[in-house]
Amino acid sequence: MPQLKAPFYGHTRQYESIQKELDDAIRDVILSGQYVTGPTLKRFEGELARYCGQKHAVGVNSGTDALWLTFMALGLKEGDEVITTANTFFATAEAIWIAGGKVVLVDCDPATRNLDPAKIEAAITSRTVGIVPVHLYGLCADMKAISDIARKRKLWVVEDNAQAIDGHGPGWKQGQLSDAVCTSFIIQKNLGTLGDGGAVVTDRDDIDAVVRKLRNHGSTVRSVHSFGFNSRLDDIHAGILSVKLKHITRWTDRRREIAARYTRGLQGTSFRLPVEPAGYRHVFHLYVIEHPRRDALEKFLLEAGVDVKLHYPIAIHKQEGYPWGKPADLRPDVPNCERNAAQCVSLPMFPELTDGEVDYTIEQCLEWDRQPRR
Ligand SMILES: *Cc1c(COP(=O)(O)O)cnc(C)c1O
C-alpha cells in the first residue's frame, strides 16, 4: 500500500472540528430518554424545512426510503413508468422498482452530466407518471426546463437531492419547481450523520401526511394503524444533523474553494473538468474529472497515494442482481451516461481537505498528463 497523501474521506477530521457541539448534542438526546420520533427529531424537521424554504420535512431511514416512500405517497402503481437518468447512484432506480414502477432511463447532458431535458419528451408514453431528476455530484439539474415539460404533460417531479443540499439553480431553490425533494444523510453526503438517514422535504401537505404515516407503520395516533413500514430517522441522528446543519453553508463554501483550486490547477490539461452554468451554486459533493484513459489515470493516482474513487463505473442498466432478473425496460440509448461510466474519476473532496493535499493531487494529475501516451 502506498502512503496515503490525500484521503478521500475526512469523517474523523470533521468530528474533531466540532467535537464539543456533537458530543453535547448526542448526550442531550441520550439524557432526554426519547430516541424514536421524539422531540429532537421534531425540532430537526422544523429546522430542515425552514432551511429549505419548504413547509414540511419528514425524517426517514435513508435517502433511498425517502424516494420510494414519496413515490408511494404520489400513488405510483405497478407498471407506471418513471423517467430518470442512467447517470446516478443505483438507489434512484432501485427506489422506483421498490415502489413498483418501471424505470425509463434518459441520457444526460455531456457537460453538466445531468438529465438532458431535450431528451425527455421522446421518452414519455401514456404510462409515464413522473420524472426524477438527480442533482449529480452536487450540481442541480435544469429544473426549469424539466418542470415546464412536467407541467405540460401533467407529470409529477421528485428531485433526488442526495448530493446537492445547499445548492440552487438560477433564481430557484430545490423544491420550488417540483412536488418533493429527497435527501440522504448517510455519512459521506455533504450533510451526513454518523450512520444512515434521509428526509422528504415538500410544500405539499398530502405528501407530508402520507410519508409521515408510511414511515411509522401507518400510524400517527398510538395503536391506530393503516398500511405502512418502519423507516424513521432516529433522534440521535436528528441531533447530530441539527448541529451539522448550522455549518453546512461554511462547508459548502470550502468545497467550492477546493473545486476552484482544482479547476485553476488543471486548466489546459487533457482532463474534462466540471462545469457550473451561470446562476447555479454547485456544492461539489464530488469533484469529477474525465479522461478516455481513466483506468490508467486511476491506477497512477492510487499508486501516488491520492485516494480517488469511481462514481459510477457501471451504469444502472449494466447492473445485474435484482432478484427478478434484468428488467426488459432497461435497454436505453444513453451514450453520454456510458461515456461517464467509462471515463469519470472523483478526486478527494471534503471541507477539511488541506490546500497542501489539494495541491499534491493537482501535481500528480499534471505529472500523469505530461507522461507520453503509450
Ligand atoms: C446516496 C444516494 C442515494 C441513496 O441514499 P441512501 O441514504 O444511501 O439510501 C440516492 N440517490 C443518490 C443520487 C445518492 O447519491
# chains A, B, ... in the order shown; residues from 1 in each chain; ligands from 1
>>> residues_near_ligand(ligand="ligand 1", cutoff="8 Å", atoms="only C-alpha atoms and all ligand atoms", output="ChimeraX atom specification")
/A:61-67,88-92,134-137,160-163,183-186,189,196-198
>>> select_by_dssp(residues="stretch 59-285 of chain A", states="helix (DSSP H, G or I)", output="PyMOL selection string")
chain A and resi 63-73+91-98+117-119+121-123+136-138+143-153+205-214+235-245+248-266
>>> closest_residue(among="A:Lys20, A:Lys102, A:Arg153, A:His317", to="A:Ile240", atoms="only C-alpha atoms")
A:Lys20
>>> closest_residue(among="A:Arg261, A:Glu159, A:Val129, A:Leu177", to="A:Lys144", atoms="only C-alpha atoms")
A:Leu177
>>> atom_distance(atom1="atom CA of A:Arg27", atom2="atom CA of A:Gly192")
18.5 Å
>>> atom_distance(atom1="atom CA of A:Arg215", atom2="atom CA of A:Asn230")
5.2 Å
>>> residues_around(residues="A:His247", least_positions_apart="3", cutoff="12 Å", atoms="only C-alpha atoms", output="VMD selection string")
chain A and resid 14 17 to 18 21 to 22 166 190 to 192 240 to 244 250 to 254 351
>>> write_last_selection(atoms="N, CA, C and O atoms", output="PDB file, in the first residue's frame")
ATOM      1  N   GLN A  14     -13.783  15.984  10.496  1.00  0.00           N
ATOM      2  CA  GLN A  14     -14.967  16.819  10.695  1.00  0.00           C
ATOM      3  C   GLN A  14     -15.472  16.674  12.134  1.00  0.00           C
ATOM      4  O   GLN A  14     -15.820  17.667  12.769  1.00  0.00           O
ATOM      5  N   SER A  17     -13.447  18.717  14.428  1.00  0.00           N
ATOM      6  CA  SER A  17     -13.599  20.173  14.269  1.00  0.00           C
ATOM      7  C   SER A  17     -14.826  20.720  15.013  1.00  0.00           C
ATOM      8  O   SER A  17     -14.893  21.907  15.297  1.00  0.00           O
ATOM      9  N   ILE A  18     -15.795  19.842  15.318  1.00  0.00           N
ATOM     10  CA  ILE A  18     -16.998  20.309  16.037  1.00  0.00           C
ATOM     11  C   ILE A  18     -17.344  19.332  17.165  1.00  0.00           C
ATOM     12  O   ILE A  18     -18.512  19.116  17.496  1.00  0.00           O
ATOM     13  N   GLU A  21     -19.679  20.383  20.260  1.00  0.00           N
ATOM     14  CA  GLU A  21     -21.094  20.533  19.861  1.00  0.00           C
ATOM     15  C   GLU A  21     -21.765  19.182  19.641  1.00  0.00           C
ATOM     16  O   GLU A  21     -22.909  18.963  20.052  1.00  0.00           O
ATOM     17  N   LEU A  22     -21.045  18.279  18.950  1.00  0.00           N
ATOM     18  CA  LEU A  22     -21.634  16.973  18.644  1.00  0.00           C
ATOM     19  C   LEU A  22     -21.790  16.139  19.905  1.00  0.00           C
ATOM     20  O   LEU A  22     -22.845  15.531  20.124  1.00  0.00           O
ATOM     21  N   ASP A 166     -27.888  22.455  -0.111  1.00  0.00           N
ATOM     22  CA  ASP A 166     -27.246  23.772  -0.074  1.00  0.00           C
ATOM     23  C   ASP A 166     -26.952  24.326  -1.478  1.00  0.00           C
ATOM     24  O   ASP A 166     -26.405  25.415  -1.618  1.00  0.00           O
ATOM     25  N   ASN A 190     -22.934  15.535   1.808  1.00  0.00           N
ATOM     26  CA  ASN A 190     -22.470  16.846   2.297  1.00  0.00           C
ATOM     27  C   ASN A 190     -23.014  17.177   3.677  1.00  0.00           C
ATOM     28  O   ASN A 190     -22.336  17.808   4.474  1.00  0.00           O
ATOM     29  N   LEU A 191     -24.270  16.778   3.944  1.00  0.00           N
ATOM     30  CA  LEU A 191     -24.842  16.878   5.291  1.00  0.00           C
ATOM     31  C   LEU A 191     -25.058  15.438   5.742  1.00  0.00           C
ATOM     32  O   LEU A 191     -26.068  14.831   5.419  1.00  0.00           O
ATOM     33  N   GLY A 192     -24.073  14.899   6.480  1.00  0.00           N
ATOM     34  CA  GLY A 192     -24.121  13.477   6.800  1.00  0.00           C
ATOM     35  C   GLY A 192     -24.130  13.229   8.291  1.00  0.00           C
ATOM     36  O   GLY A 192     -23.435  13.900   9.050  1.00  0.00           O
ATOM     37  N   ILE A 240     -27.522  15.063  15.755  1.00  0.00           N
ATOM     38  CA  ILE A 240     -26.244  15.268  15.059  1.00  0.00           C
ATOM     39  C   ILE A 240     -26.448  16.193  13.854  1.00  0.00           C
ATOM     40  O   ILE A 240     -25.696  17.147  13.624  1.00  0.00           O
ATOM     41  N   LEU A 241     -27.519  15.926  13.103  1.00  0.00           N
ATOM     42  CA  LEU A 241     -27.776  16.711  11.883  1.00  0.00           C
ATOM     43  C   LEU A 241     -28.145  18.150  12.215  1.00  0.00           C
ATOM     44  O   LEU A 241     -27.818  19.080  11.456  1.00  0.00           O
ATOM     45  N   SER A 242     -28.797  18.341  13.343  1.00  0.00           N
ATOM     46  CA  SER A 242     -29.174  19.670  13.779  1.00  0.00           C
ATOM     47  C   SER A 242     -27.910  20.517  14.001  1.00  0.00           C
ATOM     48  O   SER A 242     -27.857  21.692  13.603  1.00  0.00           O
ATOM     49  N   VAL A 243     -26.892  19.921  14.582  1.00  0.00           N
ATOM     50  CA  VAL A 243     -25.606  20.605  14.774  1.00  0.00           C
ATOM     51  C   VAL A 243     -24.962  20.875  13.411  1.00  0.00           C
ATOM     52  O   VAL A 243     -24.526  21.991  13.106  1.00  0.00           O
ATOM     53  N   LYS A 244     -24.924  19.847  12.576  1.00  0.00           N
ATOM     54  CA  LYS A 244     -24.201  19.973  11.304  1.00  0.00           C
ATOM     55  C   LYS A 244     -24.877  20.952  10.342  1.00  0.00           C
ATOM     56  O   LYS A 244     -24.203  21.597   9.535  1.00  0.00           O
ATOM     57  N   ARG A 250     -20.933  27.059   5.423  1.00  0.00           N
ATOM     58  CA  ARG A 250     -19.479  27.227   5.527  1.00  0.00           C
ATOM     59  C   ARG A 250     -18.765  26.042   4.852  1.00  0.00           C
ATOM     60  O   ARG A 250     -17.787  26.216   4.122  1.00  0.00           O
ATOM     61  N   TRP A 251     -19.257  24.838   5.097  1.00  0.00           N
ATOM     62  CA  TRP A 251     -18.635  23.656   4.492  1.00  0.00           C
ATOM     63  C   TRP A 251     -18.772  23.681   2.970  1.00  0.00           C
ATOM     64  O   TRP A 251     -17.843  23.306   2.255  1.00  0.00           O
ATOM     65  N   THR A 252     -19.942  24.114   2.487  1.00  0.00           N
ATOM     66  CA  THR A 252     -20.114  24.188   1.031  1.00  0.00           C
ATOM     67  C   THR A 252     -19.144  25.212   0.445  1.00  0.00           C
ATOM     68  O   THR A 252     -18.521  24.970  -0.599  1.00  0.00           O
ATOM     69  N   ASP A 253     -19.015  26.344   1.134  1.00  0.00           N
ATOM     70  CA  ASP A 253     -18.103  27.379   0.628  1.00  0.00           C
ATOM     71  C   ASP A 253     -16.674  26.835   0.526  1.00  0.00           C
ATOM     72  O   ASP A 253     -15.958  27.121  -0.433  1.00  0.00           O
ATOM     73  N   ARG A 254     -16.264  26.042   1.507  1.00  0.00           N
ATOM     74  CA  ARG A 254     -14.926  25.448   1.476  1.00  0.00           C
ATOM     75  C   ARG A 254     -14.807  24.429   0.329  1.00  0.00           C
ATOM     76  O   ARG A 254     -13.799  24.385  -0.366  1.00  0.00           O
ATOM     77  N   PRO A 351     -14.644  19.180   3.060  1.00  0.00           N
ATOM     78  CA  PRO A 351     -14.288  20.519   3.517  1.00  0.00           C
ATOM     79  C   PRO A 351     -12.981  20.596   4.299  1.00  0.00           C
ATOM     80  O   PRO A 351     -12.304  21.623   4.284  1.00  0.00           O
TER      81      PRO A 351
END
>>> select_by_dssp(residues="stretch 209-304 of chain A", states="strand (DSSP E or B)", output="PyMOL selection string")
chain A and resi 216+221+224+230+272+281+287-290
